[in-house]
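S.K.: Sharing model-v7.cif (mmCIF, C-alpha atoms; chains and numbers go by the auth columns) below.
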data_query
#
loop_
_atom_site.group_PDB
_atom_site.id
_atom_site.type_symbol
_atom_site.label_atom_id
_atom_site.label_comp_id
_atom_site.label_asym_id
_atom_site.label_seq_id
_atom_site.Cartn_x
_atom_site.Cartn_y
_atom_site.Cartn_z
_atom_site.B_iso_or_equiv
_atom_site.auth_seq_id
_atom_site.auth_asym_id
ATOM 1 C CA GLU A 1 77.910 140.064 129.415 0.00 256 A
ATOM 2 C CA ILE A 2 80.064 136.995 128.856 0.00 257 A
ATOM 3 C CA LYS A 3 82.315 138.689 126.283 0.00 258 A
ATOM 4 C CA LYS A 4 83.485 141.171 128.913 0.00 259 A
ATOM 5 C CA LEU A 5 85.203 138.243 130.651 0.00 260 A
ATOM 6 C CA PHE A 6 87.454 137.716 127.613 0.00 261 A
ATOM 7 C CA LYS A 7 89.741 140.363 129.096 0.00 262 A
ATOM 8 C CA ASP A 8 89.788 138.945 132.625 0.00 263 A
ATOM 9 C CA ALA A 9 93.265 138.522 134.123 0.00 264 A
ATOM 10 C CA ASN A 10 92.469 134.947 135.179 0.00 265 A
ATOM 11 C CA ARG A 11 93.011 132.442 132.390 0.00 266 A
ATOM 12 C CA ASP A 12 90.394 130.080 133.863 0.00 267 A
ATOM 13 C CA VAL A 13 87.781 132.811 133.652 0.00 268 A
ATOM 14 C CA ARG A 14 88.713 133.590 130.046 0.00 269 A
ATOM 15 C CA GLY A 15 88.596 129.904 129.177 0.00 270 A
ATOM 16 C CA TRP A 16 85.197 129.489 130.859 0.00 271 A
ATOM 17 C CA ALA A 17 83.821 132.533 129.048 0.00 272 A
ATOM 18 C CA VAL A 18 84.903 131.204 125.658 0.00 273 A
ATOM 19 C CA ALA A 19 83.487 127.740 126.415 0.00 274 A
ATOM 20 C CA ALA A 20 80.186 129.261 127.571 0.00 275 A
ATOM 21 C CA LEU A 21 79.868 131.353 124.444 0.00 276 A
ATOM 22 C CA GLY A 22 80.597 128.313 122.322 0.00 277 A
ATOM 23 C CA ALA A 23 77.826 126.385 124.049 0.00 278 A
ATOM 24 C CA LEU A 24 75.251 129.192 124.207 0.00 279 A
ATOM 25 C CA GLY A 25 76.196 131.552 121.384 0.00 280 A
ATOM 26 C CA THR A 26 75.433 131.795 117.696 0.00 281 A
ATOM 27 C CA LYS A 27 77.557 132.193 114.600 0.00 282 A
ATOM 28 C CA ASP A 28 77.439 135.950 115.204 0.00 283 A
ATOM 29 C CA GLU A 29 79.868 135.361 118.071 0.00 284 A
ATOM 30 C CA ILE A 30 82.549 133.755 115.867 0.00 285 A
ATOM 31 C CA PRO A 31 84.565 136.954 115.128 0.00 286 A
ATOM 32 C CA ASP A 32 84.845 137.769 118.854 0.00 287 A
ATOM 33 C CA VAL A 33 85.753 134.199 119.789 0.00 288 A
ATOM 34 C CA LYS A 34 88.420 134.040 117.071 0.00 289 A
ATOM 35 C CA LYS A 35 90.228 137.024 118.588 0.00 290 A
ATOM 36 C CA LEU A 36 91.252 134.872 121.545 0.00 291 A
ATOM 37 C CA LEU A 37 93.198 132.486 119.312 0.00 292 A
ATOM 38 C CA LYS A 38 96.092 134.835 120.083 0.00 293 A
ATOM 39 C CA ASP A 39 95.619 134.613 123.858 0.00 294 A
ATOM 40 C CA LYS A 40 98.898 134.243 125.769 0.00 295 A
ATOM 41 C CA ASP A 41 97.679 131.071 127.510 0.00 296 A
ATOM 42 C CA ALA A 42 97.561 127.708 125.734 0.00 297 A
ATOM 43 C CA TYR A 43 94.561 126.580 127.796 0.00 298 A
ATOM 44 C CA VAL A 44 92.541 129.547 126.548 0.00 299 A
ATOM 45 C CA ARG A 45 93.673 129.033 122.949 0.00 300 A
ATOM 46 C CA GLY A 46 92.561 125.413 123.148 0.00 301 A
ATOM 47 C CA SER A 47 89.210 126.478 124.611 0.00 302 A
ATOM 48 C CA VAL A 48 88.737 128.874 121.690 0.00 303 A
ATOM 49 C CA VAL A 49 89.256 126.104 119.162 0.00 304 A
ATOM 50 C CA LYS A 50 86.730 123.862 120.921 0.00 305 A
ATOM 51 C CA ALA A 51 84.225 126.728 121.027 0.00 306 A
ATOM 52 C CA LEU A 52 84.642 127.357 117.298 0.00 307 A
ATOM 53 C CA VAL A 53 83.798 123.715 116.611 0.00 308 A
ATOM 54 C CA LYS A 54 80.642 123.969 118.728 0.00 309 A
ATOM 55 C CA LEU A 55 79.683 127.078 116.764 0.00 310 A
ATOM 56 C CA GLY A 56 80.182 125.130 113.514 0.00 311 A
ATOM 57 C CA ALA A 57 82.680 127.729 112.364 0.00 312 A
ATOM 58 C CA LYS A 58 83.960 126.234 109.124 0.00 313 A
ATOM 59 C CA GLU A 59 85.032 129.729 108.109 0.00 314 A
ATOM 60 C CA ALA A 60 87.513 129.574 110.982 0.00 315 A
ATOM 61 C CA ILE A 61 89.335 126.561 109.506 0.00 316 A
ATOM 62 C CA PRO A 62 92.246 128.697 108.171 0.00 317 A
ATOM 63 C CA ASP A 63 92.712 130.203 111.647 0.00 318 A
ATOM 64 C CA ILE A 64 92.551 126.777 113.294 0.00 319 A
ATOM 65 C CA ARG A 65 95.088 125.437 110.799 0.00 320 A
ATOM 66 C CA GLY A 66 97.390 128.192 111.966 0.00 321 A
ATOM 67 C CA MET A 67 97.105 126.737 115.473 0.00 322 A
ATOM 68 C CA LEU A 68 98.869 123.599 114.253 0.00 323 A
ATOM 69 C CA LYS A 69 102.061 125.655 114.599 0.00 324 A
ATOM 70 C CA ASP A 70 101.276 126.695 118.174 0.00 325 A
ATOM 71 C CA VAL A 71 104.230 126.388 120.562 0.00 326 A
ATOM 72 C CA GLU A 72 102.208 124.202 122.970 0.00 327 A
ATOM 73 C CA ALA A 73 101.407 120.531 122.283 0.00 328 A
ATOM 74 C CA GLY A 74 98.040 120.782 124.054 0.00 329 A
ATOM 75 C CA ALA A 75 96.858 123.660 121.884 0.00 330 A
ATOM 76 C CA ARG A 76 98.004 121.850 118.741 0.00 331 A
ATOM 77 C CA GLU A 77 96.056 118.759 119.768 0.00 332 A
ATOM 78 C CA CYS A 78 92.878 120.815 120.252 0.00 333 A
ATOM 79 C CA ALA A 79 93.376 122.215 116.744 0.00 334 A
ATOM 80 C CA VAL A 80 93.891 118.752 115.231 0.00 335 A
ATOM 81 C CA LEU A 81 90.734 117.360 116.826 0.00 336 A
ATOM 82 C CA ALA A 82 88.766 120.444 115.802 0.00 337 A
ATOM 83 C CA LEU A 83 89.866 120.145 112.185 0.00 338 A
ATOM 84 C CA GLY A 84 88.834 116.503 112.254 0.00 339 A
ATOM 85 C CA LYS A 85 85.371 117.372 113.557 0.00 340 A
ATOM 86 C CA LEU A 86 85.026 120.102 110.929 0.00 341 A
ATOM 87 C CA GLY A 87 86.018 117.629 108.196 0.00 342 A
ATOM 88 C CA ALA A 88 88.898 119.861 107.094 0.00 343 A
ATOM 89 C CA LYS A 89 90.607 117.621 104.535 0.00 344 A
ATOM 90 C CA GLU A 90 92.546 120.648 103.294 0.00 345 A
ATOM 91 C CA ALA A 91 94.516 120.474 106.554 0.00 346 A
ATOM 92 C CA ILE A 92 95.877 116.969 105.852 0.00 347 A
ATOM 93 C CA PRO A 93 99.236 118.278 104.502 0.00 348 A
ATOM 94 C CA ASP A 94 99.689 120.313 107.698 0.00 349 A
ATOM 95 C CA MET A 95 98.952 117.293 109.881 0.00 350 A
ATOM 96 C CA LYS A 96 101.372 115.213 107.860 0.00 351 A
ATOM 97 C CA GLU A 97 104.110 117.719 108.711 0.00 352 A
ATOM 98 C CA LEU A 98 102.949 117.758 112.320 0.00 353 A
ATOM 99 C CA LEU A 99 103.968 114.113 112.711 0.00 354 A
ATOM 100 C CA LYS A 100 107.538 115.089 111.832 0.00 355 A
ATOM 101 C CA ASP A 101 107.686 118.278 113.883 0.00 356 A
ATOM 102 C CA THR A 102 109.315 117.702 117.286 0.00 357 A
ATOM 103 C CA ASN A 103 109.775 121.408 118.022 0.00 358 A
ATOM 104 C CA VAL A 104 106.864 121.740 120.437 0.00 359 A
ATOM 105 C CA GLN A 105 106.552 122.436 124.147 0.00 360 A
ATOM 106 C CA GLY A 106 104.725 120.197 126.597 0.00 361 A
ATOM 107 C CA THR A 107 105.031 117.125 128.767 0.00 362 A
ATOM 108 C CA VAL A 108 105.868 113.732 127.295 0.00 363 A
ATOM 109 C CA GLN A 109 102.232 112.734 127.768 0.00 364 A
ATOM 110 C CA GLN A 110 100.975 115.830 125.919 0.00 365 A
ATOM 111 C CA LYS A 111 103.320 115.131 123.006 0.00 366 A
ATOM 112 C CA VAL A 112 102.168 111.506 122.842 0.00 367 A
ATOM 113 C CA LEU A 113 98.513 112.599 122.879 0.00 368 A
ATOM 114 C CA LEU A 114 99.258 115.051 120.057 0.00 369 A
ATOM 115 C CA CYS A 115 100.741 112.248 117.945 0.00 370 A
ATOM 116 C CA CYS A 116 97.832 109.920 118.698 0.00 371 A
ATOM 117 C CA SER A 117 95.189 112.524 117.897 0.00 372 A
ATOM 118 C CA THR A 118 96.946 113.469 114.667 0.00 373 A
ATOM 119 C CA LEU A 119 97.045 109.822 113.587 0.00 374 A
ATOM 120 C CA LEU A 120 93.383 109.364 114.523 0.00 375 A
ATOM 121 C CA VAL A 121 92.268 112.373 112.486 0.00 376 A
ATOM 122 C CA LEU A 122 94.457 111.510 109.489 0.00 377 A
ATOM 123 C CA GLY A 123 92.827 108.086 109.405 0.00 378 A
ATOM 124 C CA LYS A 124 89.302 109.482 109.665 0.00 379 A
ATOM 125 C CA LEU A 125 89.928 112.204 107.034 0.00 380 A
ATOM 126 C CA GLY A 126 91.405 109.716 104.573 0.00 381 A
ATOM 127 C CA GLY A 127 94.910 111.187 104.579 0.00 382 A
ATOM 128 C CA LYS A 128 96.580 108.620 102.344 0.00 383 A
ATOM 129 C CA GLU A 129 99.252 111.123 101.319 0.00 384 A
ATOM 130 C CA ALA A 130 100.527 110.908 104.896 0.00 385 A
ATOM 131 C CA MET A 131 101.089 107.149 104.620 0.00 386 A
ATOM 132 C CA PRO A 132 104.920 107.299 104.862 0.00 387 A
ATOM 133 C CA GLU A 133 104.731 109.423 108.009 0.00 388 A
ATOM 134 C CA ILE A 134 102.070 107.161 109.530 0.00 389 A
ATOM 135 C CA LYS A 135 104.168 104.068 108.835 0.00 390 A
ATOM 136 C CA ASP A 136 107.129 105.761 110.523 0.00 391 A
ATOM 137 C CA MET A 137 104.993 106.048 113.664 0.00 392 A
ATOM 138 C CA LEU A 138 104.933 102.235 113.871 0.00 393 A
ATOM 139 C CA GLN A 139 108.447 102.601 115.260 0.00 394 A
ATOM 140 C CA HIS A 140 107.637 105.333 117.758 0.00 395 A
ATOM 141 C CA ALA A 141 108.980 104.843 121.287 0.00 396 A
ATOM 142 C CA ALA A 142 105.502 105.204 122.831 0.00 397 A
ATOM 143 C CA PRO A 143 103.253 102.125 122.465 0.00 398 A
ATOM 144 C CA HIS A 144 100.137 104.341 122.439 0.00 399 A
ATOM 145 C CA VAL A 145 101.425 105.958 119.248 0.00 400 A
ATOM 146 C CA ARG A 146 102.304 102.639 117.612 0.00 401 A
ATOM 147 C CA ARG A 147 98.792 101.354 118.339 0.00 402 A
ATOM 148 C CA GLN A 148 97.114 104.449 116.907 0.00 403 A
ATOM 149 C CA ALA A 149 99.320 104.251 113.810 0.00 404 A
ATOM 150 C CA LEU A 150 98.089 100.686 113.249 0.00 405 A
ATOM 151 C CA LEU A 151 94.459 101.794 113.499 0.00 406 A
ATOM 152 C CA ALA A 152 95.079 104.747 111.171 0.00 407 A
ATOM 153 C CA LEU A 153 96.485 102.372 108.549 0.00 408 A
ATOM 154 C CA VAL A 154 93.332 100.262 108.833 0.00 409 A
ATOM 155 C CA ASP A 155 91.139 103.357 108.434 0.00 410 A
ATOM 156 C CA LEU A 156 93.098 104.140 105.262 0.00 411 A
ATOM 157 C CA ASP A 157 92.701 100.542 104.004 0.00 412 A
ATOM 158 C CA ALA A 158 96.495 100.488 103.664 0.00 413 A
ATOM 159 C CA LYS A 159 97.022 96.970 102.375 0.00 414 A
ATOM 160 C CA GLU A 160 100.466 98.041 101.172 0.00 415 A
ATOM 161 C CA ALA A 161 101.439 98.432 104.828 0.00 416 A
ATOM 162 C CA ILE A 162 100.625 94.796 105.707 0.00 417 A
ATOM 163 C CA PRO A 163 104.329 93.747 105.863 0.00 418 A
ATOM 164 C CA ASP A 164 104.977 96.583 108.328 0.00 419 A
ATOM 165 C CA ILE A 165 101.936 95.632 110.389 0.00 420 A
ATOM 166 C CA LYS A 166 103.012 91.989 110.562 0.00 421 A
ATOM 167 C CA ARG A 167 106.253 93.049 112.228 0.00 422 A
ATOM 168 C CA LEU A 168 104.265 94.444 115.140 0.00 423 A
ATOM 169 C CA LEU A 169 102.951 90.960 115.928 0.00 424 A
ATOM 170 C CA ASN A 170 106.293 90.723 117.732 0.00 425 A
ATOM 171 C CA ASP A 171 106.123 94.162 119.351 0.00 426 A
ATOM 172 C CA GLY A 172 107.522 94.579 122.842 0.00 427 A
ATOM 173 C CA GLU A 173 104.091 95.557 124.189 0.00 428 A
ATOM 174 C CA ALA A 174 101.297 92.992 124.391 0.00 429 A
ATOM 175 C CA LEU A 175 98.503 95.413 123.442 0.00 430 A
ATOM 176 C CA CYS A 176 100.415 96.481 120.331 0.00 431 A
ATOM 177 C CA ARG A 177 100.593 92.845 119.307 0.00 432 A
ATOM 178 C CA GLY A 178 96.833 92.597 119.849 0.00 433 A
ATOM 179 C CA VAL A 179 96.085 95.695 117.769 0.00 434 A
ATOM 180 C CA ALA A 180 98.375 94.372 115.016 0.00 435 A
ATOM 181 C CA GLY A 181 96.252 91.220 114.992 0.00 436 A
ATOM 182 C CA ILE A 182 93.032 93.242 114.693 0.00 437 A
ATOM 183 C CA ALA A 183 94.556 95.361 111.918 0.00 438 A
ATOM 184 C CA LEU A 184 95.520 92.312 109.879 0.00 439 A
ATOM 185 C CA VAL A 185 92.060 90.770 110.262 0.00 440 A
ATOM 186 C CA GLU A 186 90.345 94.026 109.221 0.00 441 A
ATOM 187 C CA LEU A 187 92.637 94.323 106.203 0.00 442 A
ATOM 188 C CA GLY A 188 91.677 90.805 105.048 0.00 443 A
ATOM 189 C CA GLU A 189 94.832 89.040 106.293 0.00 444 A
ATOM 190 C CA LYS A 190 93.424 86.909 109.106 0.00 445 A
ATOM 191 C CA ASP A 191 95.497 83.938 108.002 0.00 446 A
ATOM 192 C CA SER A 192 98.608 85.956 108.863 0.00 447 A
ATOM 193 C CA VAL A 193 97.609 86.104 112.541 0.00 448 A
ATOM 194 C CA PRO A 194 99.255 83.199 114.416 0.00 449 A
ATOM 195 C CA ARG A 195 97.197 81.309 116.972 0.00 450 A
ATOM 196 C CA ASP A 196 99.438 82.429 119.814 0.00 451 A
ATOM 197 C CA ALA A 197 98.611 86.069 118.994 0.00 452 A
ATOM 198 C CA ILE A 198 94.913 85.571 119.776 0.00 453 A
ATOM 199 C CA LYS A 199 95.509 86.000 123.506 0.00 454 A
ATOM 200 C CA TYR A 200 96.778 89.525 122.859 0.00 455 A
ATOM 201 C CA VAL A 201 93.666 90.414 120.872 0.00 456 A
ATOM 202 C CA LYS A 202 91.583 89.128 123.809 0.00 457 A
ATOM 203 C CA MET A 203 93.461 91.433 126.192 0.00 458 A
ATOM 204 C CA ILE A 204 92.084 94.504 124.415 0.00 459 A
ATOM 205 C CA ILE A 205 88.464 93.767 125.388 0.00 460 A
ATOM 206 C CA PRO A 206 88.728 94.370 129.162 0.00 461 A
ATOM 207 C CA THR A 207 91.590 96.861 128.887 0.00 462 A
ATOM 208 C CA TRP A 208 90.084 99.401 126.481 0.00 463 A
ATOM 209 C CA GLY A 209 86.369 98.703 126.146 0.00 464 A
ATOM 210 C CA GLY A 210 84.160 100.696 123.784 0.00 465 A
ATOM 211 C CA GLU A 211 84.881 100.710 120.064 0.00 466 A
ATOM 212 C CA TYR A 212 88.199 98.924 120.532 0.00 467 A
ATOM 213 C CA ALA A 213 86.577 96.056 122.435 0.00 468 A
ATOM 214 C CA THR A 214 83.931 95.736 119.717 0.00 469 A
ATOM 215 C CA ARG A 215 86.626 95.582 117.031 0.00 470 A
ATOM 216 C CA ALA A 216 88.537 92.999 119.042 0.00 471 A
ATOM 217 C CA GLU A 217 85.422 90.841 119.425 0.00 472 A
ATOM 218 C CA LYS A 218 84.710 90.979 115.682 0.00 473 A
ATOM 219 C CA ALA A 219 88.310 90.059 114.908 0.00 474 A
ATOM 220 C CA LEU A 220 88.205 87.133 117.332 0.00 475 A
ATOM 221 C CA ARG A 221 85.058 85.765 115.693 0.00 476 A
ATOM 222 C CA ARG A 222 86.724 85.941 112.286 0.00 477 A
ATOM 223 C CA LEU A 223 89.698 84.125 113.783 0.00 478 A
ATOM 224 C CA GLY A 224 87.395 81.275 114.819 0.00 479 A
ATOM 225 C CA VAL A 225 87.233 82.035 118.547 0.00 480 A
ATOM 226 C CA SER A 226 84.036 80.805 120.217 0.00 481 A
ATOM 227 C CA GLU A 227 81.479 83.111 121.821 0.00 482 A
ATOM 228 C CA GLU A 228 82.163 81.383 125.142 0.00 483 A
ATOM 229 C CA GLU A 229 85.858 82.285 124.921 0.00 484 A
ATOM 230 C CA ILE A 230 85.049 85.877 123.961 0.00 485 A
ATOM 231 C CA GLU A 231 82.734 86.205 126.995 0.00 486 A
ATOM 232 C CA ARG A 232 85.499 84.904 129.257 0.00 487 A
ATOM 233 C CA ALA A 233 87.898 87.455 127.773 0.00 488 A
ATOM 234 C CA LYS A 234 85.661 90.298 129.003 0.00 489 A
ATOM 235 C CA VAL A 235 86.652 89.536 132.585 0.00 490 A
ATOM 236 C CA LYS A 236 90.051 90.913 133.634 0.00 491 A
#
Have the structure of the file written as structure tokens, please.
M.R.:
Amino acid sequence: EIKKLFKDANRDVRGWAVAALGALGTKDEIPDVKKLLKDKDAYVRGSVVKALVKLGAKEAIPDIRGMLKDVEAGARECAVLALGKLGAKEAIPDMKELLKDTNVQGTVQQKVLLCCSTLLVLGKLGGKEAMPEIKDMLQHAAPHVRRQALLALVDLDAKEAIPDIKRLLNDGEALCRGVAGIALVELGEKDSVPRDAIKYVKMIIPTWGGEYATRAEKALRRLGVSEEEIERAKVK
């Protein structure tokens, strides 16, 4: 039985068991899965949160919110993404505080991913009360975070942040300048995007792809860029 593996000494086995139960189990398994939220290993704790999402465990939202105070950045990020998928708007105040909390263990990359995921989810959940904290992230040392903060402000239709967004047209990173251009276009300020910023918007298409490329293409069209130019921009 899979649940017997929850007590295995190997963290990979415990993590696999939780993931398997999340994929194959039913809501009846939720109480047993929740018990591993206190596992000593951050990888296992993160696997538990992902499993609870797959099981549609909205009743586990309070427990997952508690994971936002986990000592490990990776486990916190799993909790943030899970709360986003579960539509847990009641967790917005916790996520707002998360952006200010630097007392977390992990690599620089894990901490950056935590910030980015928190910004992403705040934008999708409509966390307008976190606007001051999101705007502060426009000055973050990591360009990935500054970019995600710009996109979160667009998701929140934060027209009051337009002056802050305009400043990132002169950001030290080219992709940040491109995302600032997209943000201004999507917020109805296309006339604020200078012609020399268009090349940075074009850069996003081959660099990121997916949703970001689609948004860049739409912004370029609204900025008067021809279809021929947009097609050329798709080639690195």
S.K.: Any chance you could work out the residue set of the PyMOL selection byres ((chain A and resi 356) around 12) here, as a list in words?
M.R.: Leu323, Lys324, Asp325, Val326, Ala328, Arg331, Asp349, Met350, Lys351, Glu352, Leu353, Leu354, Lys355, Thr357, Asn358, Val359, Gln360, Lys366, Leu369, Cys370, Thr373 and Glu388 of chain A
S.K.: Write the residues of the preceding selection, restricted to C-alpha atoms, as a PDB file, keeping the file's coordinate frame.
M.R.:
ATOM      1  CA  LEU A 323      98.869 123.599 114.253  1.00  0.00           C
ATOM      2  CA  LYS A 324     102.061 125.655 114.599  1.00  0.00           C
ATOM      3  CA  ASP A 325     101.276 126.695 118.174  1.00  0.00           C
ATOM      4  CA  VAL A 326     104.230 126.388 120.562  1.00  0.00           C
ATOM      5  CA  ALA A 328     101.407 120.531 122.283  1.00  0.00           C
ATOM      6  CA  ARG A 331      98.004 121.850 118.741  1.00  0.00           C
ATOM      7  CA  ASP A 349      99.689 120.313 107.698  1.00  0.00           C
ATOM      8  CA  MET A 350      98.952 117.293 109.881  1.00  0.00           C
ATOM      9  CA  LYS A 351     101.372 115.213 107.860  1.00  0.00           C
ATOM     10  CA  GLU A 352     104.110 117.719 108.711  1.00  0.00           C
ATOM     11  CA  LEU A 353     102.949 117.758 112.320  1.00  0.00           C
ATOM     12  CA  LEU A 354     103.968 114.113 112.711  1.00  0.00           C
ATOM     13  CA  LYS A 355     107.538 115.089 111.832  1.00  0.00           C
ATOM     14  CA  THR A 357     109.315 117.702 117.286  1.00  0.00           C
ATOM     15  CA  ASN A 358     109.775 121.408 118.022  1.00  0.00           C
ATOM     16  CA  VAL A 359     106.864 121.740 120.437  1.00  0.00           C
ATOM     17  CA  GLN A 360     106.552 122.436 124.147  1.00  0.00           C
ATOM     18  CA  LYS A 366     103.320 115.131 123.006  1.00  0.00           C
ATOM     19  CA  LEU A 369      99.258 115.051 120.057  1.00  0.00           C
ATOM     20  CA  CYS A 370     100.741 112.248 117.945  1.00  0.00           C
ATOM     21  CA  THR A 373      96.946 113.469 114.667  1.00  0.00           C
ATOM     22  CA  GLU A 388     104.731 109.423 108.009  1.00  0.00           C
TER      23      GLU A 388
END
S.K.: For the provided coordinates, the residues matched by the PyMOL selection byres ((chain A and resi 390) around 10) should be stated as a short mmCIF file (atom, residue, chain, number, x, y, z; two decimals) with C-alpha atoms, in the coordinates of the input.
M.R.:
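Result went into selection17.cif, see below:
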data_model
loop_
_atom_site.label_atom_id
_atom_site.label_comp_id
_atom_site.auth_asym_id
_atom_site.auth_seq_id
_atom_site.Cartn_x
_atom_site.Cartn_y
_atom_site.Cartn_z
CA ALA A 385 100.53 110.91 104.90
CA MET A 386 101.09 107.15 104.62
CA PRO A 387 104.92 107.30 104.86
CA GLU A 388 104.73 109.42 108.01
CA ILE A 389 102.07 107.16 109.53
CA ASP A 391 107.13 105.76 110.52
CA MET A 392 104.99 106.05 113.66
CA LEU A 393 104.93 102.24 113.87
CA GLN A 394 108.45 102.60 115.26
CA HIS A 395 107.64 105.33 117.76
CA ARG A 401 102.30 102.64 117.61
CA ALA A 404 99.32 104.25 113.81
CA LEU A 405 98.09 100.69 113.25
CA ALA A 407 95.08 104.75 111.17
CA LEU A 408 96.48 102.37 108.55
CA ALA A 413 96.50 100.49 103.66
CA ALA A 416 101.44 98.43 104.83
CA ASP A 419 104.98 96.58 108.33
CA ILE A 420 101.94 95.63 110.39
#
S.K.: Please write the residues picked by the PyMOL selection byres ((chain A and resi 489) around 12) on this file as a list of chain:residue names.
M.R.: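 With the PyMOL selection byres ((chain A and resi 489) around 12) on this model, the match is A:Val456, A:Lys457, A:Met458, A:Ile459, A:Ile460, A:Pro461, A:Thr462, A:Trp463, A:Gly464, A:Gly465, A:Ala468, A:Thr469, A:Ala471, A:Glu472, A:Glu482, A:Glu483, A:Glu484, A:Ile485, A:Glu486, A:Arg487, A:Ala488, A:Val490, A:Lys491.
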S.K.: Pick from A:Ile257, A:Leu430, A:Val308, A:Leu442: nearest to Glu415 (chain A), with all atoms listed in the file counted?
M.R.: A:Leu442
S.K.: Contacts of region 266-279 of chain A at 12 Å or less, counting all atoms listed in the file, minus same-chain residues fewer than 5 places along, as a VMD selection string?
M.R.: chain A and resid 256 to 261 284 to 292 294 to 312
S.K.: Give the answer as one residue: which of A:Lys454, A:Arg320, A:Leu368, A:Thr362 has the shortest atom-to-atom distance to Ala346 (chain A), using all atoms listed in the file?
M.R.: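 Answer, going by the shortest atom-to-atom distance: A:Arg320.
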S.K.: CA of Val376 (chain A) and CA of Ala334 (chain A), how far apart in Å?
M.R.: 10.8 Å
